[in-house]
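K.L.:
Let me begin by handing over the structure; questions about it come next.
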Amino acid sequence: MSQHKQKPIIVQSDFTLLLESKHPLAEEAKEAIGGFAELRKSPDGIHTYRITPLTLWNAAAQGAEAEGIIAALERYSKFGVPTGVAKEIRQYVNRYGLVRMEREGSQLVLRCDDQAVLQQISSYDSLRKYWEPSPAGTRAIAVRLAERGAVKQELMHLGFPVVDLAGYEEGESLSIRLRDSLKSSGRAFRLRDYQQEAIEAFYKGGSASGGNGVLVLPCGAGKTVIGIGAMARLGKATLILTTNSTSVSQWKRELLDKTTLTEDDIGEYAGDRKEVRQVTITTYQMLTHRRTKDAPFSHMKLFRERSWGLIVYDEVHLLPAPVFRATAEIQATRRLGLTATLVREDGREEEVFSLIGPKRLEVPWKRLESQGWIAQVECCEVRVPMPWEEMESYRKAAAREQHRVAGVNTRKTEAVIRLLARHEGAPTLIIGQYLDQLRSIAGTLGVPLITGETPAAERELLYKRFRDGEIGILVVSKVANFALDLPDAEIAIQVSGSFGSRQEEAQRLGRILRSKDGGKKAYFYSLVSDETKELDFALKRQMFLVEQGYKYKCEIFDEFLQEASTEDSKGDQAG
């Protein structure tokens, strides 16, 4: 076999890449293609990646060029790159930056160096309602100011990603700077190199091409700190949108600890508090609240309450549709999205690109792990057989109900007990989807349970007691999926989840990613009912983390029960 054919990737004409995951060059090849291709399937042996227009445009936004992408494919391809694939990669990558949105005085215009493309765009029926009259002979299309976001969305759908150079309203000034030492402990504080790099990738030297976009970093890497650093870089009044009241408290705590802002500068717009100050923190749930299904959104006016200079979208992958619509109307305000994974299960990544901005920087999880910034994690899928009578119920159930029956497999409680014994004394989170299952596990173990129904004050107290070491085990529902600041958690046991959600898997693993004292390793266990559809969903859930370089080993519950039983008998004999 020729040296060429010994390479790990097959590039197919439909833009699919087949990677031999056990090839000696597999890891090197994965790193080379990770910036412009996304993992779709990850069975043992062959991983399937896909190149899409969006993956290419995000790569282009970070400075990648078509020839570099094609060269990377050639370097690892067994049979070279099909001519048609190379041609289309060039066409797609070259489309990024082809159409620009600019300001001319008080007017908004679309410009394109290719006059034929400009004429094509001007002829689309779906866009005509957004045009303003243009002076005769001009080589631009005038756009109604209020339709800046709508035009970018529609052009994205038509295959023309717009580079927005129209700039921003200045917004209200904010006096803020980062502290040299933490207010809470007096320890020295400064931004890590990758955090500073992320802020500069967003800011882009204050140029018209900066001030929007998404930064992708793992949980535990300090995304909140990066958001705070961006606020200090800009010095503008900021609206922070996040996932829940716990996250609101965490943002406020971090701002007070790491910046010169005072309590009077920061408003909480959640629950019973409706404070609008120079820095205001609210939740997506608050913004999308309305009294009835057809009533207007009660608090969406918050976007216009002050002259904001920056809006921060925390966990931007969770952005709800009404907030997308509001964001389309505020394109003259700088926008920063923060997330651990840009994966959206609803497929609306294009909306994030066109309305928040392109991916400006993605820091690989394994790189930060190797540098000691996040914990080394061992991932394990534990396959748990179902009791006979529950398997009978599973087989008779409808498809959706099968997922629930497999999820609440009662033998998972036994598996949890065995895993706790394996890691006795380690701070542990038990995370699941179904409240009855979680109540049962919490009751069996005699440990606290936190759900969405737990009052905010009680929730904060339990989190504090866990952080202080007073509680060693917490059972948590889907509230653990986002913005849970429990840095000492070492073990996460996932007992059930939302179908094949890659996003949820990444968020849950993220709960234990904070670096540990002494470089301790963390452990992420996913309990899956054997011989059920949960196995297929587990494969889908794991895809994003596999793409990041994590490997799941597999254990069969009966086998580690048998192993534990053998150890017990040895102990009895010794006694």
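If you're wondering about the labels, chains in the structure tokens are A, B, ... by order shown, residues count from 1 in each chain, ligands from 1 in order shown.
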Check the DSSP output for the backbone and give back, as a ChimeraX atom specification, the residues of region 205-299 of chain A in helix (DSSP H, G or I).

P.N.:
/A:205-206,223-234,245-258,263-265,284-287

K.L.:
Grab the residues selected above and save them as a CSV table (one decimal), in the first residue's frame with C-alpha atoms.

P.N.:
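Generated output (result_28.csv):
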```csv
chain,number,residue,atom,x,y,z
A,205,GLY,CA,-8.8,46.4,18.4
A,206,GLY,CA,-12.0,48.3,18.5
A,223,LYS,CA,-16.2,32.3,30.6
A,224,THR,CA,-17.7,34.7,33.2
A,225,VAL,CA,-14.3,36.2,33.7
A,226,ILE,CA,-13.9,36.6,29.9
A,227,GLY,CA,-17.3,38.4,29.8
A,228,ILE,CA,-16.2,40.6,32.7
A,229,GLY,CA,-12.8,41.3,30.9
A,230,ALA,CA,-14.8,42.3,27.8
A,231,MET,CA,-16.8,44.7,29.9
A,232,ALA,CA,-13.7,46.3,31.3
A,233,ARG,CA,-12.2,46.5,27.8
A,234,LEU,CA,-15.2,48.4,26.5
A,245,SER,CA,-31.4,33.1,39.2
A,246,THR,CA,-28.4,31.1,40.4
A,247,SER,CA,-26.4,32.4,37.5
A,248,VAL,CA,-27.5,36.0,38.1
A,249,SER,CA,-26.1,35.7,41.6
A,250,GLN,CA,-22.9,34.2,40.4
A,251,TRP,CA,-22.3,37.0,37.8
A,252,LYS,CA,-22.9,39.6,40.5
A,253,ARG,CA,-20.6,37.8,42.9
A,254,GLU,CA,-17.8,37.6,40.3
A,255,LEU,CA,-18.3,41.3,39.2
A,256,LEU,CA,-17.9,42.5,42.8
A,257,ASP,CA,-15.0,40.2,43.5
A,258,LYS,CA,-12.9,41.0,40.3
A,263,GLU,CA,-23.4,47.0,44.7
A,264,ASP,CA,-25.0,50.3,43.6
A,265,ASP,CA,-23.6,49.8,40.0
A,284,TYR,CA,-33.8,34.4,29.4
A,285,GLN,CA,-36.9,33.1,31.4
A,286,MET,CA,-37.6,36.6,32.6
A,287,LEU,CA,-37.3,38.1,29.1
```

K.L.:
Which residues are close to Cys554 (chain A), i.e. within 10 Å by only C-alpha atoms, leaving aside same-chain residues fewer than 4 positions away? Reply as a PyMOL selection string.

P.N.:
chain A and resi 379-383+525-526

K.L.:
Based on the backbone DSSP call, show me all residues of region 241-318 of chain A assigned strand (DSSP E), as a ChimeraX atom specification.

P.N.:
/A:241-242,266-270,273-274,279-283,310-314

K.L.:
Could you write those residues out with N, CA and C atoms, as an mmCIF file, in the first residue's frame?

P.N.:
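Ended up saving to again-v4.cif:
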```cif
data_model
loop_
_atom_site.group_PDB
_atom_site.id
_atom_site.type_symbol
_atom_site.label_atom_id
_atom_site.label_comp_id
_atom_site.auth_asym_id
_atom_site.auth_seq_id
_atom_site.Cartn_x
_atom_site.Cartn_y
_atom_site.Cartn_z
ATOM 1 N N LEU A 241 -27.461 38.629 29.932
ATOM 2 C CA LEU A 241 -28.568 37.677 29.882
ATOM 3 C C LEU A 241 -28.022 36.294 30.215
ATOM 4 N N THR A 242 -28.664 35.633 31.174
ATOM 5 C CA THR A 242 -28.166 34.321 31.562
ATOM 6 C C THR A 242 -29.327 33.369 31.819
ATOM 7 N N ILE A 266 -24.707 47.566 40.094
ATOM 8 C CA ILE A 266 -25.191 46.310 39.505
ATOM 9 C C ILE A 266 -26.648 46.076 39.876
ATOM 10 N N GLY A 267 -27.475 45.891 38.880
ATOM 11 C CA GLY A 267 -28.888 45.624 39.100
ATOM 12 C C GLY A 267 -29.228 44.173 38.795
ATOM 13 N N GLU A 268 -30.070 43.576 39.638
ATOM 14 C CA GLU A 268 -30.601 42.235 39.378
ATOM 15 C C GLU A 268 -32.031 42.377 38.886
ATOM 16 N N TYR A 269 -32.289 41.846 37.698
ATOM 17 C CA TYR A 269 -33.634 41.931 37.127
ATOM 18 C C TYR A 269 -34.164 40.499 37.024
ATOM 19 N N ALA A 270 -34.561 39.972 38.180
ATOM 20 C CA ALA A 270 -35.035 38.585 38.242
ATOM 21 C C ALA A 270 -35.873 38.417 39.490
ATOM 22 N N ARG A 273 -36.985 41.238 42.176
ATOM 23 C CA ARG A 273 -36.140 42.428 42.013
ATOM 24 C C ARG A 273 -36.148 42.854 40.555
ATOM 25 N N LYS A 274 -36.432 44.125 40.330
ATOM 26 C CA LYS A 274 -36.472 44.651 38.960
ATOM 27 C C LYS A 274 -35.600 45.914 38.899
ATOM 28 N N VAL A 279 -24.973 48.193 35.024
ATOM 29 C CA VAL A 279 -24.805 46.768 34.710
ATOM 30 C C VAL A 279 -26.049 46.075 35.241
ATOM 31 N N THR A 280 -26.783 45.426 34.363
ATOM 32 C CA THR A 280 -28.026 44.760 34.749
ATOM 33 C C THR A 280 -27.961 43.299 34.321
ATOM 34 N N ILE A 281 -28.313 42.402 35.244
ATOM 35 C CA ILE A 281 -28.249 40.965 34.978
ATOM 36 C C ILE A 281 -29.662 40.402 35.048
ATOM 37 N N THR A 282 -30.063 39.697 34.003
ATOM 38 C CA THR A 282 -31.399 39.106 33.975
ATOM 39 C C THR A 282 -31.314 37.697 33.392
ATOM 40 N N THR A 283 -32.467 37.032 33.268
ATOM 41 C CA THR A 283 -32.509 35.662 32.753
ATOM 42 C C THR A 283 -33.325 35.602 31.467
ATOM 43 N N LEU A 310 -23.065 47.180 25.492
ATOM 44 C CA LEU A 310 -22.729 45.772 25.308
ATOM 45 C C LEU A 310 -23.854 44.918 25.870
ATOM 46 N N ILE A 311 -24.187 43.848 25.135
ATOM 47 C CA ILE A 311 -25.098 42.826 25.657
ATOM 48 C C ILE A 311 -24.341 41.504 25.655
ATOM 49 N N VAL A 312 -24.306 40.843 26.821
ATOM 50 C CA VAL A 312 -23.621 39.554 26.964
ATOM 51 C C VAL A 312 -24.675 38.455 27.019
ATOM 52 N N TYR A 313 -24.551 37.490 26.121
ATOM 53 C CA TYR A 313 -25.456 36.341 26.077
ATOM 54 C C TYR A 313 -24.715 35.142 26.668
ATOM 55 N N ASP A 314 -24.943 34.888 27.957
ATOM 56 C CA ASP A 314 -24.307 33.746 28.607
ATOM 57 C C ASP A 314 -25.025 32.474 28.142
#
```

K.L.:
May I have the residues within 8 Å of Tyr96 (chain A) as a CSV table (one decimal) with N, CA and C atoms, in the first residue's frame, using only C-alpha atoms and disregarding those fewer than 5 positions away in the same chain?

P.N.:
```
chain,number,residue,atom,x,y,z
A,57,TRP,N,-17.8,29.0,7.1
A,57,TRP,CA,-17.9,30.4,7.4
A,57,TRP,C,-17.3,30.8,8.8
A,60,ALA,N,-13.7,30.7,8.4
A,60,ALA,CA,-13.2,31.9,7.7
A,60,ALA,C,-13.2,33.1,8.6
A,61,ALA,N,-14.2,33.2,9.5
A,61,ALA,CA,-14.3,34.3,10.4
A,61,ALA,C,-13.1,34.3,11.4
A,160,PHE,N,-25.4,33.9,1.7
A,160,PHE,CA,-24.4,35.0,1.6
A,160,PHE,C,-24.2,35.6,3.0
A,161,PRO,N,-23.2,35.0,3.8
A,161,PRO,CA,-23.0,35.5,5.2
A,161,PRO,C,-22.5,37.0,5.1
A,162,VAL,N,-23.1,37.9,5.8
A,162,VAL,CA,-22.7,39.3,5.7
A,162,VAL,C,-21.7,39.6,6.8
A,163,VAL,N,-20.6,40.3,6.4
A,163,VAL,CA,-19.7,40.8,7.4
A,163,VAL,C,-20.2,42.2,7.7
```

K.L.:
Out of A:Lys553, A:Lys78, A:Arg100, A:Arg502, which residue has the shortest atom-to-atom distance to Lys41 (chain A) when counting only C-alpha atoms?

P.N.:
A:Arg502

K.L.:
Quick one: everything within 10 Å of Glu345 (chain A), counting only C-alpha atoms, minus sequence neighbours fewer than 6 positions away in the same chain. Send it as a VMD selection string.

P.N.:
chain A and resid 317 to 318 500 to 504

K.L.:
List as JSON, numbers by chain the protein and nucleic acid residues near region 288-292 of chain A, meaning an atom at most 12 Å away when only C-alpha atoms are counted, but skip any in the same chain fewer than 5 places from it.

P.N.:
{"A": [241, 243, 270, 271, 282, 283, 297, 298, 299, 300, 301, 302, 319, 320, 321, 322, 323, 324, 325, 326]}

K.L.:
Which is closest to Leu261 (chain A) among A:Leu178, A:Ala201, A:Leu361, A:Ile240, if we use only C-alpha atoms?

P.N.:
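Closest candidate: A:Leu178.
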
K.L.:
Would you please work out which residue, of A:Pro387, A:Pro455, A:Gly357, A:Gly220, is nearest to Glu369 (chain A) when using only C-alpha atoms?

P.N.:
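Answer, going by the shortest atom-to-atom distance: A:Gly220.
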
K.L.:
Smallest atom-to-atom distance to Ala237 (chain A): which of A:Glu200, A:Gln119, A:Ser175, A:Asp272, using only C-alpha atoms?

P.N.:
A:Ser175

K.L.:
From the list A:Gln376, A:Thr451, A:Thr410, A:Thr444, which residue is nearest Leu513 (chain A) when using only C-alpha atoms?

P.N.:
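That would be A:Gln376, the residue with the smallest distance to Leu513 (chain A).
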
K.L.:
Name all residues at most 12 Å from Arg95 (chain A) (count only C-alpha atoms; drop same-chain ones fewer than 4 positions away) and give them as a list in words.

P.N.:
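The residues that qualify are Pro53, Leu54, Leu56, Trp57, Asn58, Ala60, Ala61, Glu65, Ala66, Glu88, Ile89, Arg90, Gln91, Val99, Arg100, Cys112, Asp113, Asp114, Val117, Leu155, Met156, Leu158, Gly159, Phe160, Pro161, Val162 and Val163 of chain A.
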
K.L.:
I need the residue nearest Glu349 (chain A) from this list: A:Lys478, A:Gly35, A:His157, A:Trp131. Use only C-alpha atoms for the distance.

P.N.:
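With only C-alpha atoms as the atom set, the closest residue is A:His157.
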
K.L.:
Neighbours of region 146-153 of chain A within 12 Å (only C-alpha atoms; same-chain residues fewer than 6 positions away dropped), as a VMD selection string?

P.N.:
chain A and resid 99 to 103 107 to 110 121 to 122 124 126 to 132 159 to 168 324 to 333 348 to 357

K.L.:
For those residues, write N, CA and C atoms to a file as a compact mmCIF listing (two decimals), in the first residue's frame.

P.N.:
```txt
# COMPACT_ATOMS: atom_id res chain seq x y z
N VAL A 99 -20.01 39.99 0.84
CA VAL A 99 -21.08 40.99 1.06
C VAL A 99 -20.82 41.67 2.40
N ARG A 100 -20.74 42.99 2.37
CA ARG A 100 -20.45 43.77 3.58
C ARG A 100 -21.58 44.76 3.85
N MET A 101 -21.88 44.92 5.12
CA MET A 101 -22.85 45.93 5.52
C MET A 101 -22.07 47.10 6.12
N GLU A 102 -22.30 48.30 5.58
CA GLU A 102 -21.55 49.49 6.00
C GLU A 102 -22.49 50.66 6.22
N ARG A 103 -21.96 51.69 6.84
CA ARG A 103 -22.72 52.93 7.01
C ARG A 103 -22.18 54.01 6.10
N GLN A 107 -27.09 56.46 6.47
CA GLN A 107 -27.68 55.37 5.70
C GLN A 107 -26.90 54.06 5.88
N LEU A 108 -27.65 52.96 5.81
CA LEU A 108 -27.07 51.62 5.90
C LEU A 108 -27.05 51.04 4.48
N VAL A 109 -25.91 50.49 4.08
CA VAL A 109 -25.82 49.96 2.70
C VAL A 109 -25.15 48.59 2.70
N LEU A 110 -25.52 47.80 1.69
CA LEU A 110 -24.83 46.54 1.39
C LEU A 110 -23.89 46.79 0.23
N ILE A 121 -28.59 39.65 -5.39
CA ILE A 121 -29.16 39.91 -4.06
C ILE A 121 -30.32 40.90 -4.16
N SER A 122 -30.15 41.91 -4.97
CA SER A 122 -31.19 42.95 -5.07
C SER A 122 -32.48 42.41 -5.69
N TYR A 124 -33.87 39.37 -5.06
CA TYR A 124 -34.61 38.40 -4.24
C TYR A 124 -35.89 39.02 -3.70
N SER A 126 -37.70 37.99 -1.27
CA SER A 126 -37.75 37.95 0.19
C SER A 126 -37.03 39.13 0.82
N LEU A 127 -36.22 39.87 0.04
CA LEU A 127 -35.43 40.98 0.58
C LEU A 127 -35.95 42.34 0.16
N ARG A 128 -36.73 42.40 -0.90
CA ARG A 128 -37.12 43.70 -1.47
C ARG A 128 -37.79 44.62 -0.45
N LYS A 129 -38.55 44.05 0.48
CA LYS A 129 -39.27 44.87 1.46
C LYS A 129 -38.33 45.62 2.40
N TYR A 130 -37.04 45.23 2.42
CA TYR A 130 -36.08 45.86 3.32
C TYR A 130 -35.27 46.97 2.66
N TRP A 131 -35.42 47.14 1.35
CA TRP A 131 -34.58 48.11 0.64
C TRP A 131 -35.11 49.54 0.78
N GLU A 132 -34.17 50.49 0.79
CA GLU A 132 -34.49 51.91 0.69
C GLU A 132 -34.16 52.34 -0.74
N GLY A 159 -27.38 31.98 1.58
CA GLY A 159 -26.01 31.55 1.31
C GLY A 159 -25.00 32.67 1.18
N PHE A 160 -25.35 33.87 1.69
CA PHE A 160 -24.43 35.01 1.63
C PHE A 160 -24.22 35.57 3.04
N PRO A 161 -23.24 35.02 3.79
CA PRO A 161 -23.01 35.54 5.15
C PRO A 161 -22.47 36.97 5.08
N VAL A 162 -23.12 37.86 5.79
CA VAL A 162 -22.75 39.28 5.75
C VAL A 162 -21.68 39.58 6.79
N VAL A 163 -20.65 40.28 6.39
CA VAL A 163 -19.70 40.84 7.35
C VAL A 163 -20.20 42.24 7.70
N ASP A 164 -20.58 42.41 8.96
CA ASP A 164 -21.22 43.66 9.40
C ASP A 164 -20.14 44.65 9.85
N LEU A 165 -19.95 45.70 9.07
CA LEU A 165 -18.97 46.74 9.37
C LEU A 165 -19.65 48.08 9.65
N ALA A 166 -20.95 48.01 9.96
CA ALA A 166 -21.73 49.24 10.11
C ALA A 166 -21.52 49.91 11.46
N GLY A 167 -20.79 49.28 12.35
CA GLY A 167 -20.45 49.91 13.62
C GLY A 167 -21.61 49.90 14.61
N TYR A 168 -21.39 50.60 15.73
CA TYR A 168 -22.33 50.53 16.84
C TYR A 168 -22.58 51.90 17.44
N PHE A 324 -34.00 35.81 20.13
CA PHE A 324 -33.46 35.96 18.78
C PHE A 324 -34.14 37.12 18.08
N ARG A 325 -35.48 37.16 18.18
CA ARG A 325 -36.23 38.22 17.49
C ARG A 325 -35.87 39.59 18.03
N ALA A 326 -35.75 39.70 19.36
CA ALA A 326 -35.37 40.99 19.95
C ALA A 326 -33.96 41.37 19.53
N THR A 327 -33.06 40.39 19.43
CA THR A 327 -31.67 40.65 19.06
C THR A 327 -31.58 41.16 17.63
N ALA A 328 -32.47 40.70 16.77
CA ALA A 328 -32.48 41.16 15.38
C ALA A 328 -32.72 42.67 15.32
N GLU A 329 -33.39 43.22 16.33
CA GLU A 329 -33.73 44.64 16.34
C GLU A 329 -32.66 45.52 16.97
N ILE A 330 -31.62 44.92 17.57
CA ILE A 330 -30.62 45.74 18.30
C ILE A 330 -29.22 45.51 17.74
N GLN A 331 -29.11 45.45 16.43
CA GLN A 331 -27.82 45.16 15.80
C GLN A 331 -26.83 46.30 15.94
N ALA A 332 -27.30 47.47 16.38
CA ALA A 332 -26.37 48.59 16.58
C ALA A 332 -25.75 48.55 17.98
N THR A 333 -25.99 47.48 18.74
CA THR A 333 -25.39 47.30 20.06
C THR A 333 -24.40 46.13 19.99
N ARG A 348 -30.41 25.90 15.05
CA ARG A 348 -30.44 27.34 14.76
C ARG A 348 -29.07 28.01 14.93
N GLU A 349 -28.02 27.25 14.67
CA GLU A 349 -26.68 27.84 14.76
C GLU A 349 -26.51 29.00 13.79
N GLU A 350 -27.20 28.94 12.64
CA GLU A 350 -27.12 30.04 11.66
C GLU A 350 -27.65 31.34 12.24
N GLU A 351 -28.67 31.24 13.09
CA GLU A 351 -29.24 32.44 13.70
C GLU A 351 -28.23 33.08 14.66
N VAL A 352 -27.51 32.22 15.39
CA VAL A 352 -26.48 32.74 16.28
C VAL A 352 -25.42 33.47 15.45
N PHE A 353 -25.00 32.87 14.34
CA PHE A 353 -23.98 33.46 13.46
C PHE A 353 -24.43 34.83 12.95
N SER A 354 -25.65 34.91 12.43
CA SER A 354 -26.08 36.15 11.77
C SER A 354 -26.48 37.23 12.77
N LEU A 355 -26.98 36.87 13.96
CA LEU A 355 -27.50 37.89 14.89
C LEU A 355 -26.57 38.21 16.05
N ILE A 356 -25.88 37.21 16.59
CA ILE A 356 -24.89 37.48 17.64
C ILE A 356 -23.54 37.75 17.00
N GLY A 357 -23.20 36.96 16.00
CA GLY A 357 -21.93 37.10 15.29
C GLY A 357 -21.28 35.75 15.11
```
